[in-house]
$ cat protein13.txt   # compact mmCIF, N, CA and C atoms and all ligand atoms
# COMPACT_ATOMS: atom_id res chain seq x y z
N MET V 1 0.84 -1.20 0.00
CA MET V 1 0.00 0.00 0.00
C MET V 1 0.88 1.25 0.00
N LYS V 2 0.48 2.26 -0.76
CA LYS V 2 1.24 3.51 -0.87
C LYS V 2 0.43 4.65 -0.28
N TYR V 3 1.13 5.68 0.17
CA TYR V 3 0.40 6.86 0.64
C TYR V 3 -0.26 7.53 -0.56
N ASP V 4 -1.55 7.81 -0.43
CA ASP V 4 -2.29 8.47 -1.50
C ASP V 4 -2.80 9.80 -0.94
N LYS V 5 -2.29 10.89 -1.48
CA LYS V 5 -2.62 12.23 -0.95
C LYS V 5 -4.12 12.54 -1.04
N ASN V 6 -4.84 11.75 -1.81
CA ASN V 6 -6.28 11.98 -1.93
C ASN V 6 -7.10 11.12 -0.99
N ASN V 7 -6.43 10.44 -0.04
CA ASN V 7 -7.22 9.63 0.90
C ASN V 7 -8.07 10.56 1.76
N ILE V 8 -9.16 10.01 2.29
CA ILE V 8 -10.16 10.82 2.98
C ILE V 8 -9.58 11.54 4.21
N PHE V 9 -8.64 10.92 4.91
CA PHE V 9 -8.10 11.58 6.10
C PHE V 9 -7.19 12.75 5.71
N ALA V 10 -6.48 12.61 4.60
CA ALA V 10 -5.66 13.72 4.11
C ALA V 10 -6.59 14.89 3.75
N LYS V 11 -7.73 14.57 3.17
CA LYS V 11 -8.71 15.62 2.80
C LYS V 11 -9.26 16.30 4.06
N ILE V 12 -9.53 15.50 5.07
CA ILE V 12 -10.02 16.08 6.34
C ILE V 12 -8.96 17.02 6.90
N LEU V 13 -7.70 16.60 6.89
CA LEU V 13 -6.62 17.43 7.43
C LEU V 13 -6.46 18.73 6.63
N ARG V 14 -6.70 18.67 5.34
CA ARG V 14 -6.57 19.87 4.51
C ARG V 14 -7.84 20.74 4.55
N GLY V 15 -8.87 20.24 5.24
CA GLY V 15 -10.12 21.00 5.33
C GLY V 15 -10.99 20.84 4.08
N GLU V 16 -10.68 19.85 3.27
CA GLU V 16 -11.47 19.62 2.04
C GLU V 16 -12.65 18.69 2.29
N ALA V 17 -12.63 18.02 3.43
CA ALA V 17 -13.76 17.16 3.83
C ALA V 17 -14.01 17.45 5.30
N SER V 18 -15.25 17.27 5.73
CA SER V 18 -15.57 17.64 7.11
C SER V 18 -15.44 16.43 8.04
N ALA V 19 -15.24 16.76 9.31
CA ALA V 19 -15.15 15.72 10.34
C ALA V 19 -15.51 16.37 11.67
N GLU V 20 -16.00 15.55 12.59
CA GLU V 20 -16.37 16.08 13.90
C GLU V 20 -15.18 15.98 14.84
N LYS V 21 -14.46 17.08 14.94
CA LYS V 21 -13.22 17.11 15.75
C LYS V 21 -13.54 16.99 17.23
N VAL V 22 -12.73 16.20 17.94
CA VAL V 22 -12.90 16.14 19.40
C VAL V 22 -11.64 16.58 20.14
N TYR V 23 -10.50 16.52 19.49
CA TYR V 23 -9.25 16.94 20.13
C TYR V 23 -8.20 17.19 19.05
N GLU V 24 -7.31 18.12 19.37
CA GLU V 24 -6.23 18.43 18.41
C GLU V 24 -5.03 18.94 19.19
N ASN V 25 -3.84 18.58 18.78
CA ASN V 25 -2.65 19.25 19.29
C ASN V 25 -1.73 19.51 18.09
N GLU V 26 -0.52 19.95 18.35
CA GLU V 26 0.37 20.37 17.24
C GLU V 26 0.53 19.29 16.17
N PHE V 27 0.58 18.04 16.60
CA PHE V 27 0.93 16.96 15.67
C PHE V 27 -0.20 15.98 15.39
N VAL V 28 -1.31 16.12 16.11
CA VAL V 28 -2.34 15.08 16.07
C VAL V 28 -3.74 15.69 15.89
N PHE V 29 -4.58 15.00 15.15
CA PHE V 29 -5.97 15.42 14.97
C PHE V 29 -6.86 14.23 15.32
N CYS V 30 -7.93 14.49 16.08
CA CYS V 30 -8.82 13.41 16.51
C CYS V 30 -10.27 13.76 16.19
N PHE V 31 -10.98 12.80 15.64
CA PHE V 31 -12.36 13.06 15.22
C PHE V 31 -13.18 11.78 15.31
N LYS V 32 -14.51 11.97 15.28
CA LYS V 32 -15.41 10.82 15.41
C LYS V 32 -15.42 9.98 14.14
N ASP V 33 -15.41 8.67 14.31
CA ASP V 33 -15.54 7.77 13.17
C ASP V 33 -16.96 7.91 12.60
N ILE V 34 -17.05 7.95 11.29
CA ILE V 34 -18.34 8.17 10.64
C ILE V 34 -19.28 6.96 10.81
N TYR V 35 -18.71 5.77 10.98
CA TYR V 35 -19.51 4.55 11.21
C TYR V 35 -19.07 3.94 12.55
N PRO V 36 -19.51 4.54 13.66
CA PRO V 36 -19.01 4.11 14.97
C PRO V 36 -19.33 2.65 15.28
N LYS V 37 -18.32 1.95 15.76
CA LYS V 37 -18.48 0.53 16.14
C LYS V 37 -18.66 0.38 17.64
N SER V 38 -18.65 1.48 18.37
CA SER V 38 -18.91 1.52 19.81
C SER V 38 -19.57 2.86 20.09
N LYS V 39 -20.07 3.00 21.32
CA LYS V 39 -20.69 4.28 21.72
C LYS V 39 -19.69 5.42 21.49
N ILE V 40 -18.46 5.17 21.89
CA ILE V 40 -17.38 6.13 21.62
C ILE V 40 -16.47 5.48 20.57
N HIS V 41 -16.27 6.16 19.46
CA HIS V 41 -15.34 5.64 18.44
C HIS V 41 -14.63 6.84 17.82
N ILE V 42 -13.41 7.04 18.28
CA ILE V 42 -12.62 8.19 17.84
C ILE V 42 -11.43 7.71 17.02
N LEU V 43 -11.13 8.47 15.99
CA LEU V 43 -9.94 8.19 15.18
C LEU V 43 -8.86 9.21 15.54
N ILE V 44 -7.66 8.72 15.79
CA ILE V 44 -6.54 9.56 16.19
C ILE V 44 -5.52 9.48 15.05
N ILE V 45 -5.22 10.61 14.44
CA ILE V 45 -4.31 10.55 13.29
C ILE V 45 -3.19 11.60 13.42
N PRO V 46 -2.00 11.26 12.94
CA PRO V 46 -0.94 12.27 12.90
C PRO V 46 -1.27 13.28 11.80
N LYS V 47 -0.85 14.53 11.99
CA LYS V 47 -1.13 15.55 10.97
C LYS V 47 -0.22 15.37 9.75
N LYS V 48 0.96 14.80 9.97
CA LYS V 48 1.87 14.58 8.84
C LYS V 48 1.49 13.29 8.12
N GLU V 49 1.92 13.18 6.90
CA GLU V 49 1.55 12.03 6.08
C GLU V 49 2.35 10.79 6.43
N TYR V 50 1.74 9.90 7.19
CA TYR V 50 2.34 8.59 7.46
C TYR V 50 1.36 7.54 7.01
N LEU V 51 1.87 6.59 6.27
CA LEU V 51 1.02 5.55 5.71
C LEU V 51 0.39 4.66 6.78
N ASP V 52 1.24 4.22 7.69
CA ASP V 52 0.77 3.22 8.67
C ASP V 52 1.69 3.21 9.88
N ILE V 53 1.43 2.30 10.80
CA ILE V 53 2.18 2.27 12.06
C ILE V 53 3.67 1.96 11.82
N TYR V 54 3.97 1.18 10.80
CA TYR V 54 5.37 0.86 10.54
C TYR V 54 6.10 2.11 10.02
N ASP V 55 5.48 2.79 9.09
CA ASP V 55 6.04 4.03 8.56
C ASP V 55 6.26 5.04 9.70
N PHE V 56 5.25 5.16 10.56
CA PHE V 56 5.32 6.10 11.68
C PHE V 56 6.42 5.68 12.67
N SER V 57 6.46 4.42 12.99
CA SER V 57 7.46 3.93 13.96
C SER V 57 8.87 4.20 13.46
N LYS V 58 9.06 4.03 12.14
CA LYS V 58 10.39 4.23 11.55
C LYS V 58 10.75 5.70 11.41
N ASN V 59 9.78 6.51 11.03
CA ASN V 59 10.11 7.87 10.55
C ASN V 59 9.63 9.05 11.39
N ALA V 60 8.71 8.83 12.29
CA ALA V 60 8.18 9.98 13.05
C ALA V 60 9.20 10.44 14.09
N THR V 61 9.09 11.71 14.45
CA THR V 61 9.97 12.27 15.48
C THR V 61 9.44 11.89 16.86
N THR V 62 10.28 12.05 17.85
CA THR V 62 9.85 11.74 19.22
C THR V 62 8.67 12.62 19.63
N PRO V 63 8.68 13.94 19.38
CA PRO V 63 7.49 14.74 19.74
C PRO V 63 6.21 14.26 19.05
N GLU V 64 6.33 13.82 17.81
CA GLU V 64 5.13 13.31 17.12
C GLU V 64 4.62 12.05 17.82
N LYS V 65 5.55 11.20 18.21
CA LYS V 65 5.14 9.95 18.88
C LYS V 65 4.53 10.27 20.24
N GLU V 66 5.14 11.17 20.96
CA GLU V 66 4.62 11.53 22.28
C GLU V 66 3.22 12.13 22.16
N SER V 67 3.00 12.88 21.11
CA SER V 67 1.70 13.55 20.91
C SER V 67 0.56 12.56 20.74
N ILE V 68 0.85 11.42 20.16
CA ILE V 68 -0.18 10.39 20.02
C ILE V 68 -0.63 9.94 21.40
N PHE V 69 0.34 9.70 22.28
CA PHE V 69 0.00 9.24 23.63
C PHE V 69 -0.69 10.34 24.44
N LEU V 70 -0.29 11.57 24.19
CA LEU V 70 -0.95 12.70 24.85
C LEU V 70 -2.42 12.76 24.41
N ALA V 71 -2.66 12.50 23.15
CA ALA V 71 -4.04 12.48 22.63
C ALA V 71 -4.83 11.37 23.31
N PHE V 72 -4.23 10.18 23.45
CA PHE V 72 -4.93 9.08 24.13
C PHE V 72 -5.32 9.53 25.55
N GLU V 73 -4.35 10.10 26.25
CA GLU V 73 -4.58 10.53 27.63
C GLU V 73 -5.74 11.53 27.69
N ASN V 74 -5.71 12.52 26.81
CA ASN V 74 -6.75 13.56 26.83
C ASN V 74 -8.12 13.01 26.47
N LEU V 75 -8.17 12.10 25.53
CA LEU V 75 -9.46 11.53 25.13
C LEU V 75 -10.04 10.67 26.25
N ILE V 76 -9.19 9.88 26.88
CA ILE V 76 -9.66 9.03 28.00
C ILE V 76 -10.21 9.92 29.12
N LYS V 77 -9.52 11.01 29.38
CA LYS V 77 -9.99 11.95 30.42
C LYS V 77 -11.30 12.61 29.98
N PHE V 78 -11.33 13.09 28.73
CA PHE V 78 -12.48 13.80 28.21
C PHE V 78 -13.75 12.94 28.30
N TYR V 79 -13.61 11.67 27.93
CA TYR V 79 -14.78 10.78 27.95
C TYR V 79 -14.99 10.10 29.30
N LYS V 80 -14.11 10.43 30.26
CA LYS V 80 -14.22 9.88 31.63
C LYS V 80 -14.29 8.36 31.61
N ILE V 81 -13.39 7.75 30.87
CA ILE V 81 -13.40 6.28 30.76
C ILE V 81 -12.12 5.68 31.36
N GLU V 82 -11.52 6.46 32.29
CA GLU V 82 -10.30 5.96 32.95
C GLU V 82 -10.57 4.61 33.60
N LYS V 83 -11.73 4.49 34.23
CA LYS V 83 -12.02 3.26 34.99
C LYS V 83 -12.72 2.21 34.12
N SER V 84 -13.67 2.66 33.30
CA SER V 84 -14.45 1.69 32.51
C SER V 84 -13.60 1.06 31.41
N GLY V 85 -12.61 1.81 30.91
CA GLY V 85 -11.68 1.25 29.93
C GLY V 85 -12.04 1.52 28.49
N CYS V 86 -11.18 1.06 27.62
CA CYS V 86 -11.39 1.26 26.18
C CYS V 86 -10.46 0.31 25.43
N ARG V 87 -10.62 0.30 24.12
CA ARG V 87 -9.69 -0.45 23.26
C ARG V 87 -9.08 0.52 22.27
N ILE V 88 -7.77 0.49 22.12
CA ILE V 88 -7.10 1.33 21.13
C ILE V 88 -6.37 0.39 20.18
N ILE V 89 -6.71 0.50 18.91
CA ILE V 89 -6.10 -0.40 17.92
C ILE V 89 -5.71 0.38 16.67
N THR V 90 -4.78 -0.21 15.92
CA THR V 90 -4.49 0.33 14.59
C THR V 90 -4.37 -0.86 13.64
N ASN V 91 -4.89 -0.70 12.46
CA ASN V 91 -4.82 -1.74 11.44
C ASN V 91 -3.74 -1.36 10.45
N GLN V 92 -2.95 -2.33 10.05
CA GLN V 92 -1.89 -2.05 9.07
C GLN V 92 -1.94 -3.03 7.91
N GLY V 93 -1.95 -2.48 6.71
CA GLY V 93 -1.79 -3.27 5.50
C GLY V 93 -2.91 -4.25 5.22
N VAL V 94 -2.60 -5.21 4.37
CA VAL V 94 -3.62 -6.14 3.87
C VAL V 94 -4.10 -7.05 4.99
N ASP V 95 -3.17 -7.70 5.70
CA ASP V 95 -3.59 -8.63 6.76
C ASP V 95 -4.30 -7.91 7.90
N GLY V 96 -3.91 -6.65 8.13
CA GLY V 96 -4.56 -5.87 9.18
C GLY V 96 -5.86 -5.23 8.72
N ARG V 97 -6.17 -5.39 7.42
CA ARG V 97 -7.41 -4.84 6.83
C ARG V 97 -7.49 -3.32 6.96
N GLN V 98 -6.35 -2.67 6.77
CA GLN V 98 -6.35 -1.20 6.78
C GLN V 98 -7.07 -0.70 5.54
N GLU V 99 -8.03 0.19 5.73
CA GLU V 99 -8.79 0.69 4.59
C GLU V 99 -8.33 2.06 4.13
N VAL V 100 -8.01 2.92 5.09
CA VAL V 100 -7.59 4.28 4.72
C VAL V 100 -6.07 4.38 4.87
N PRO V 101 -5.37 4.74 3.79
CA PRO V 101 -3.90 4.72 3.82
C PRO V 101 -3.26 5.95 4.47
N HIS V 102 -3.75 6.29 5.65
CA HIS V 102 -3.12 7.32 6.49
C HIS V 102 -3.23 6.76 7.91
N LEU V 103 -2.09 6.64 8.59
CA LEU V 103 -2.10 6.03 9.93
C LEU V 103 -3.24 6.56 10.79
N HIS V 104 -3.97 5.65 11.41
CA HIS V 104 -5.01 6.05 12.36
C HIS V 104 -5.14 5.00 13.44
N PHE V 105 -5.39 5.49 14.64
CA PHE V 105 -5.69 4.62 15.77
C PHE V 105 -7.19 4.76 16.03
N HIS V 106 -7.82 3.64 16.35
CA HIS V 106 -9.23 3.66 16.75
C HIS V 106 -9.27 3.61 18.27
N LEU V 107 -10.00 4.53 18.88
CA LEU V 107 -10.26 4.44 20.32
C LEU V 107 -11.74 4.09 20.46
N LEU V 108 -12.00 2.92 21.03
CA LEU V 108 -13.37 2.42 21.17
C LEU V 108 -13.71 2.27 22.64
N GLY V 109 -14.88 2.73 23.03
CA GLY V 109 -15.27 2.61 24.42
C GLY V 109 -16.70 3.03 24.64
N GLY V 110 -17.04 3.20 25.92
CA GLY V 110 -18.42 3.58 26.27
C GLY V 110 -19.31 2.37 26.42
N ASN V 111 -18.76 1.19 26.11
CA ASN V 111 -19.48 -0.08 26.27
C ASN V 111 -18.44 -1.20 26.18
N ASP V 112 -18.90 -2.42 26.48
CA ASP V 112 -18.01 -3.58 26.33
C ASP V 112 -17.69 -3.72 24.84
N THR V 113 -16.43 -3.73 24.50
CA THR V 113 -16.04 -3.77 23.08
C THR V 113 -15.95 -5.21 22.54
N GLY V 114 -16.26 -6.17 23.36
CA GLY V 114 -16.30 -7.54 22.88
C GLY V 114 -14.93 -8.20 22.83
N LYS V 115 -14.90 -9.43 22.36
CA LYS V 115 -13.63 -10.14 22.27
C LYS V 115 -12.74 -9.52 21.23
N MET V 116 -11.47 -9.76 21.37
CA MET V 116 -10.45 -9.07 20.57
C MET V 116 -10.57 -9.31 19.06
N THR V 117 -10.68 -10.56 18.63
CA THR V 117 -10.73 -10.83 17.18
C THR V 117 -11.84 -11.82 16.86
N SER V 118 -12.15 -11.89 15.59
CA SER V 118 -13.17 -12.83 15.14
C SER V 118 -12.53 -13.99 14.39
N ILE V 119 -11.20 -14.08 14.47
CA ILE V 119 -10.49 -15.14 13.73
C ILE V 119 -10.88 -16.50 14.26
P1 LIG V 201 -9.45 1.07 8.91
O1 LIG V 201 -10.26 -0.12 8.46
O2 LIG V 201 -8.64 1.67 7.81
O3 LIG V 201 -8.63 0.76 10.13
O4 LIG V 201 -10.51 2.13 9.41
C1 LIG V 201 -10.97 3.19 8.65
C2 LIG V 201 -12.06 3.86 9.46
O5 LIG V 201 -12.33 5.12 8.88
C3 LIG V 201 -13.38 3.08 9.50
O6 LIG V 201 -13.74 2.82 10.85
C4 LIG V 201 -14.38 4.04 8.82
O7 LIG V 201 -15.66 4.01 9.41
C5 LIG V 201 -13.71 5.40 8.98
N1 LIG V 201 -14.03 6.35 7.92
C6 LIG V 201 -14.01 6.12 6.58
N2 LIG V 201 -14.35 7.24 5.90
C7 LIG V 201 -14.58 8.20 6.84
C8 LIG V 201 -14.97 9.57 6.74
O8 LIG V 201 -15.17 10.13 5.67
N3 LIG V 201 -15.10 10.25 7.90
C9 LIG V 201 -14.88 9.66 9.13
N4 LIG V 201 -15.05 10.43 10.20
N5 LIG V 201 -14.52 8.36 9.24
C10 LIG V 201 -14.37 7.64 8.12
$ encode --input "protein13.txt" --output "structure tokens"
Amino acid sequence: MKYDKNNIFAKILRGEASAEKVYENEFVFCFKDIYPKSKIHILIIPKKEYLDIYDFSKNATTPEKESIFLAFENLIKFYKIEKSGCRIITNQGVDGRQEVPHLHFHLLGGNDTGKMTSI
């Protein structure tokens, strides 16, 4: 899979497509998933163009990496789910069934998110 500048998340970041923002910092943008799979379903994406978690792990700066965790912390606080919990996942490539070629983490919560996989 290659980075495609016309992917929907790149459009959201450029303001060419709309999204319901819930949190933002210098390096990260967070918004509601359009087809929520839980009561709370937020997508956390880096503002810079990274294809997936491997690309990000290899090439992102330390502040960019820290900002992702800061976003997790703020979202967990915002939704008051420190105790009830949540699931944070990222899909990569074909086997991971990644659909949008811009790194994104899913934060799911507000209810029991079920067993980990359907394999
Ligand atoms: P993936 O399967 O790549 O890990 O997840 C892509 C996610 O992006 C899916 O959960 C899907 O519902 C969400 N998504 C796809 N298009 C849009 C969109 O235009 N806006 C928003 N907010 N979410 C989207």
$ atom_distance --input "protein13.txt" --atom1 "atom N of Lys48 (chain V)" --atom2 "CA of Lys32 (chain V)"
17.7 Å
$ residues_near_ligand --input "protein13.txt" --ligand "ligand LIG 201 (chain V)" --cutoff "8 Å" --atoms "all atoms listed in the file" --output "ChimeraX atom specification"
/V:8-9,12,17-20,31-37,43,89-93,96-106
$ select_by_dssp --input "protein13.txt" --residues "chain V" --states "alpha helix (DSSP H)" --output "short mmCIF file (atom, residue, chain, number, x, y, z; two decimals) with N, CA and C atoms, keeping the file's coordinate frame"
data_model
loop_
_atom_site.label_atom_id
_atom_site.label_comp_id
_atom_site.auth_asym_id
_atom_site.auth_seq_id
_atom_site.Cartn_x
_atom_site.Cartn_y
_atom_site.Cartn_z
N ILE V 8 -9.16 10.01 2.29
CA ILE V 8 -10.16 10.82 2.98
C ILE V 8 -9.58 11.54 4.21
N PHE V 9 -8.64 10.92 4.91
CA PHE V 9 -8.10 11.58 6.10
C PHE V 9 -7.19 12.75 5.71
N ALA V 10 -6.48 12.61 4.60
CA ALA V 10 -5.66 13.72 4.11
C ALA V 10 -6.59 14.89 3.75
N LYS V 11 -7.73 14.57 3.17
CA LYS V 11 -8.71 15.62 2.80
C LYS V 11 -9.26 16.30 4.06
N ILE V 12 -9.53 15.50 5.07
CA ILE V 12 -10.02 16.08 6.34
C ILE V 12 -8.96 17.02 6.90
N LEU V 13 -7.70 16.60 6.89
CA LEU V 13 -6.62 17.43 7.43
C LEU V 13 -6.46 18.73 6.63
N ARG V 14 -6.70 18.67 5.34
CA ARG V 14 -6.57 19.87 4.51
C ARG V 14 -7.84 20.74 4.55
N ILE V 53 1.43 2.30 10.80
CA ILE V 53 2.18 2.27 12.06
C ILE V 53 3.67 1.96 11.82
N TYR V 54 3.97 1.18 10.80
CA TYR V 54 5.37 0.86 10.54
C TYR V 54 6.10 2.11 10.02
N ASP V 55 5.48 2.79 9.09
CA ASP V 55 6.04 4.03 8.56
C ASP V 55 6.26 5.04 9.70
N PHE V 56 5.25 5.16 10.56
CA PHE V 56 5.32 6.10 11.68
C PHE V 56 6.42 5.68 12.67
N SER V 57 6.46 4.42 12.99
CA SER V 57 7.46 3.93 13.96
C SER V 57 8.87 4.20 13.46
N LYS V 58 9.06 4.03 12.14
CA LYS V 58 10.39 4.23 11.55
C LYS V 58 10.75 5.70 11.41
N ASN V 59 9.78 6.51 11.03
CA ASN V 59 10.11 7.87 10.55
C ASN V 59 9.63 9.05 11.39
N THR V 62 10.28 12.05 17.85
CA THR V 62 9.85 11.74 19.22
C THR V 62 8.67 12.62 19.63
N PRO V 63 8.68 13.94 19.38
CA PRO V 63 7.49 14.74 19.74
C PRO V 63 6.21 14.26 19.05
N GLU V 64 6.33 13.82 17.81
CA GLU V 64 5.13 13.31 17.12
C GLU V 64 4.62 12.05 17.82
N LYS V 65 5.55 11.20 18.21
CA LYS V 65 5.14 9.95 18.88
C LYS V 65 4.53 10.27 20.24
N GLU V 66 5.14 11.17 20.96
CA GLU V 66 4.62 11.53 22.28
C GLU V 66 3.22 12.13 22.16
N SER V 67 3.00 12.88 21.11
CA SER V 67 1.70 13.55 20.91
C SER V 67 0.56 12.56 20.74
N ILE V 68 0.85 11.42 20.16
CA ILE V 68 -0.18 10.39 20.02
C ILE V 68 -0.63 9.94 21.40
N PHE V 69 0.34 9.70 22.28
CA PHE V 69 0.00 9.24 23.63
C PHE V 69 -0.69 10.34 24.44
N LEU V 70 -0.29 11.57 24.19
CA LEU V 70 -0.95 12.70 24.85
C LEU V 70 -2.42 12.76 24.41
N ALA V 71 -2.66 12.50 23.15
CA ALA V 71 -4.04 12.48 22.63
C ALA V 71 -4.83 11.37 23.31
N PHE V 72 -4.23 10.18 23.45
CA PHE V 72 -4.93 9.08 24.13
C PHE V 72 -5.32 9.53 25.55
N GLU V 73 -4.35 10.10 26.25
CA GLU V 73 -4.58 10.53 27.63
C GLU V 73 -5.74 11.53 27.69
N ASN V 74 -5.71 12.52 26.81
CA ASN V 74 -6.75 13.56 26.83
C ASN V 74 -8.12 13.01 26.47
N LEU V 75 -8.17 12.10 25.53
CA LEU V 75 -9.46 11.53 25.13
C LEU V 75 -10.04 10.67 26.25
N ILE V 76 -9.19 9.88 26.88
CA ILE V 76 -9.66 9.03 28.00
C ILE V 76 -10.21 9.92 29.12
N LYS V 77 -9.52 11.01 29.38
CA LYS V 77 -9.99 11.95 30.42
C LYS V 77 -11.30 12.61 29.98
N PHE V 78 -11.33 13.09 28.73
CA PHE V 78 -12.48 13.80 28.21
C PHE V 78 -13.75 12.94 28.30
#
$ atom_distance --input "protein13.txt" --atom1 "CA of Glu26 (chain V)" --atom2 "atom C of Cys86 (chain V)"
24.2 Å
$ atom_distance --input "protein13.txt" --atom1 "atom C of Gly114 (chain V)" --atom2 "atom C of Ile88 (chain V)"
12.4 Å
$ decode --input "protein13.txt" --residues "region 56-63 of chain V" --atoms "all heavy atoms" --output "mmCIF file, in the first residue's frame"
data_model
loop_
_atom_site.group_PDB
_atom_site.id
_atom_site.type_symbol
_atom_site.label_atom_id
_atom_site.label_comp_id
_atom_site.auth_asym_id
_atom_site.auth_seq_id
_atom_site.Cartn_x
_atom_site.Cartn_y
_atom_site.Cartn_z
ATOM 1 N N PHE V 56 5.253 5.162 10.558
ATOM 2 C CA PHE V 56 5.323 6.105 11.680
ATOM 3 C C PHE V 56 6.415 5.685 12.672
ATOM 4 O O PHE V 56 7.211 6.514 13.122
ATOM 5 C CB PHE V 56 3.954 6.141 12.367
ATOM 6 C CG PHE V 56 3.814 7.190 13.438
ATOM 7 C CD1 PHE V 56 3.612 8.522 13.113
ATOM 8 C CD2 PHE V 56 3.845 6.832 14.783
ATOM 9 C CE1 PHE V 56 3.450 9.492 14.108
ATOM 10 C CE2 PHE V 56 3.676 7.789 15.780
ATOM 11 C CZ PHE V 56 3.488 9.123 15.438
ATOM 12 N N SER V 57 6.463 4.421 12.994
ATOM 13 C CA SER V 57 7.458 3.930 13.956
ATOM 14 C C SER V 57 8.873 4.198 13.457
ATOM 15 O O SER V 57 9.759 4.557 14.226
ATOM 16 C CB SER V 57 7.286 2.424 14.180
ATOM 17 O OG SER V 57 6.013 2.161 14.691
ATOM 18 N N LYS V 58 9.055 4.032 12.144
ATOM 19 C CA LYS V 58 10.385 4.225 11.548
ATOM 20 C C LYS V 58 10.748 5.697 11.407
ATOM 21 O O LYS V 58 11.891 6.088 11.616
ATOM 22 C CB LYS V 58 10.390 3.633 10.119
ATOM 23 C CG LYS V 58 11.022 2.293 9.993
ATOM 24 C CD LYS V 58 11.342 1.920 8.547
ATOM 25 C CE LYS V 58 10.284 2.341 7.543
ATOM 26 N NZ LYS V 58 10.534 1.894 6.183
ATOM 27 N N ASN V 59 9.783 6.515 11.031
ATOM 28 C CA ASN V 59 10.108 7.870 10.553
ATOM 29 C C ASN V 59 9.627 9.050 11.393
ATOM 30 O O ASN V 59 10.089 10.170 11.176
ATOM 31 C CB ASN V 59 9.564 8.039 9.119
ATOM 32 C CG ASN V 59 10.194 7.039 8.169
ATOM 33 O OD1 ASN V 59 11.416 6.891 8.135
ATOM 34 N ND2 ASN V 59 9.384 6.321 7.413
ATOM 35 N N ALA V 60 8.714 8.833 12.291
ATOM 36 C CA ALA V 60 8.181 9.975 13.054
ATOM 37 C C ALA V 60 9.200 10.442 14.090
ATOM 38 O O ALA V 60 10.041 9.669 14.563
ATOM 39 C CB ALA V 60 6.872 9.583 13.730
ATOM 40 N N THR V 61 9.095 11.712 14.451
ATOM 41 C CA THR V 61 9.970 12.273 15.477
ATOM 42 C C THR V 61 9.436 11.885 16.862
ATOM 43 O O THR V 61 8.267 11.511 17.008
ATOM 44 C CB THR V 61 9.992 13.808 15.380
ATOM 45 O OG1 THR V 61 8.670 14.296 15.648
ATOM 46 C CG2 THR V 61 10.440 14.280 13.998
ATOM 47 N N THR V 62 10.285 12.047 17.851
ATOM 48 C CA THR V 62 9.854 11.743 19.220
ATOM 49 C C THR V 62 8.669 12.624 19.634
ATOM 50 O O THR V 62 7.689 12.103 20.192
ATOM 51 C CB THR V 62 11.046 11.883 20.191
ATOM 52 O OG1 THR V 62 12.022 10.924 19.779
ATOM 53 C CG2 THR V 62 10.648 11.606 21.626
ATOM 54 N N PRO V 63 8.677 13.936 19.384
ATOM 55 C CA PRO V 63 7.490 14.738 19.744
ATOM 56 C C PRO V 63 6.205 14.262 19.053
ATOM 57 O O PRO V 63 5.129 14.288 19.656
ATOM 58 C CB PRO V 63 7.870 16.158 19.292
ATOM 59 C CG PRO V 63 9.352 16.174 19.293
ATOM 60 C CD PRO V 63 9.779 14.791 18.922
#
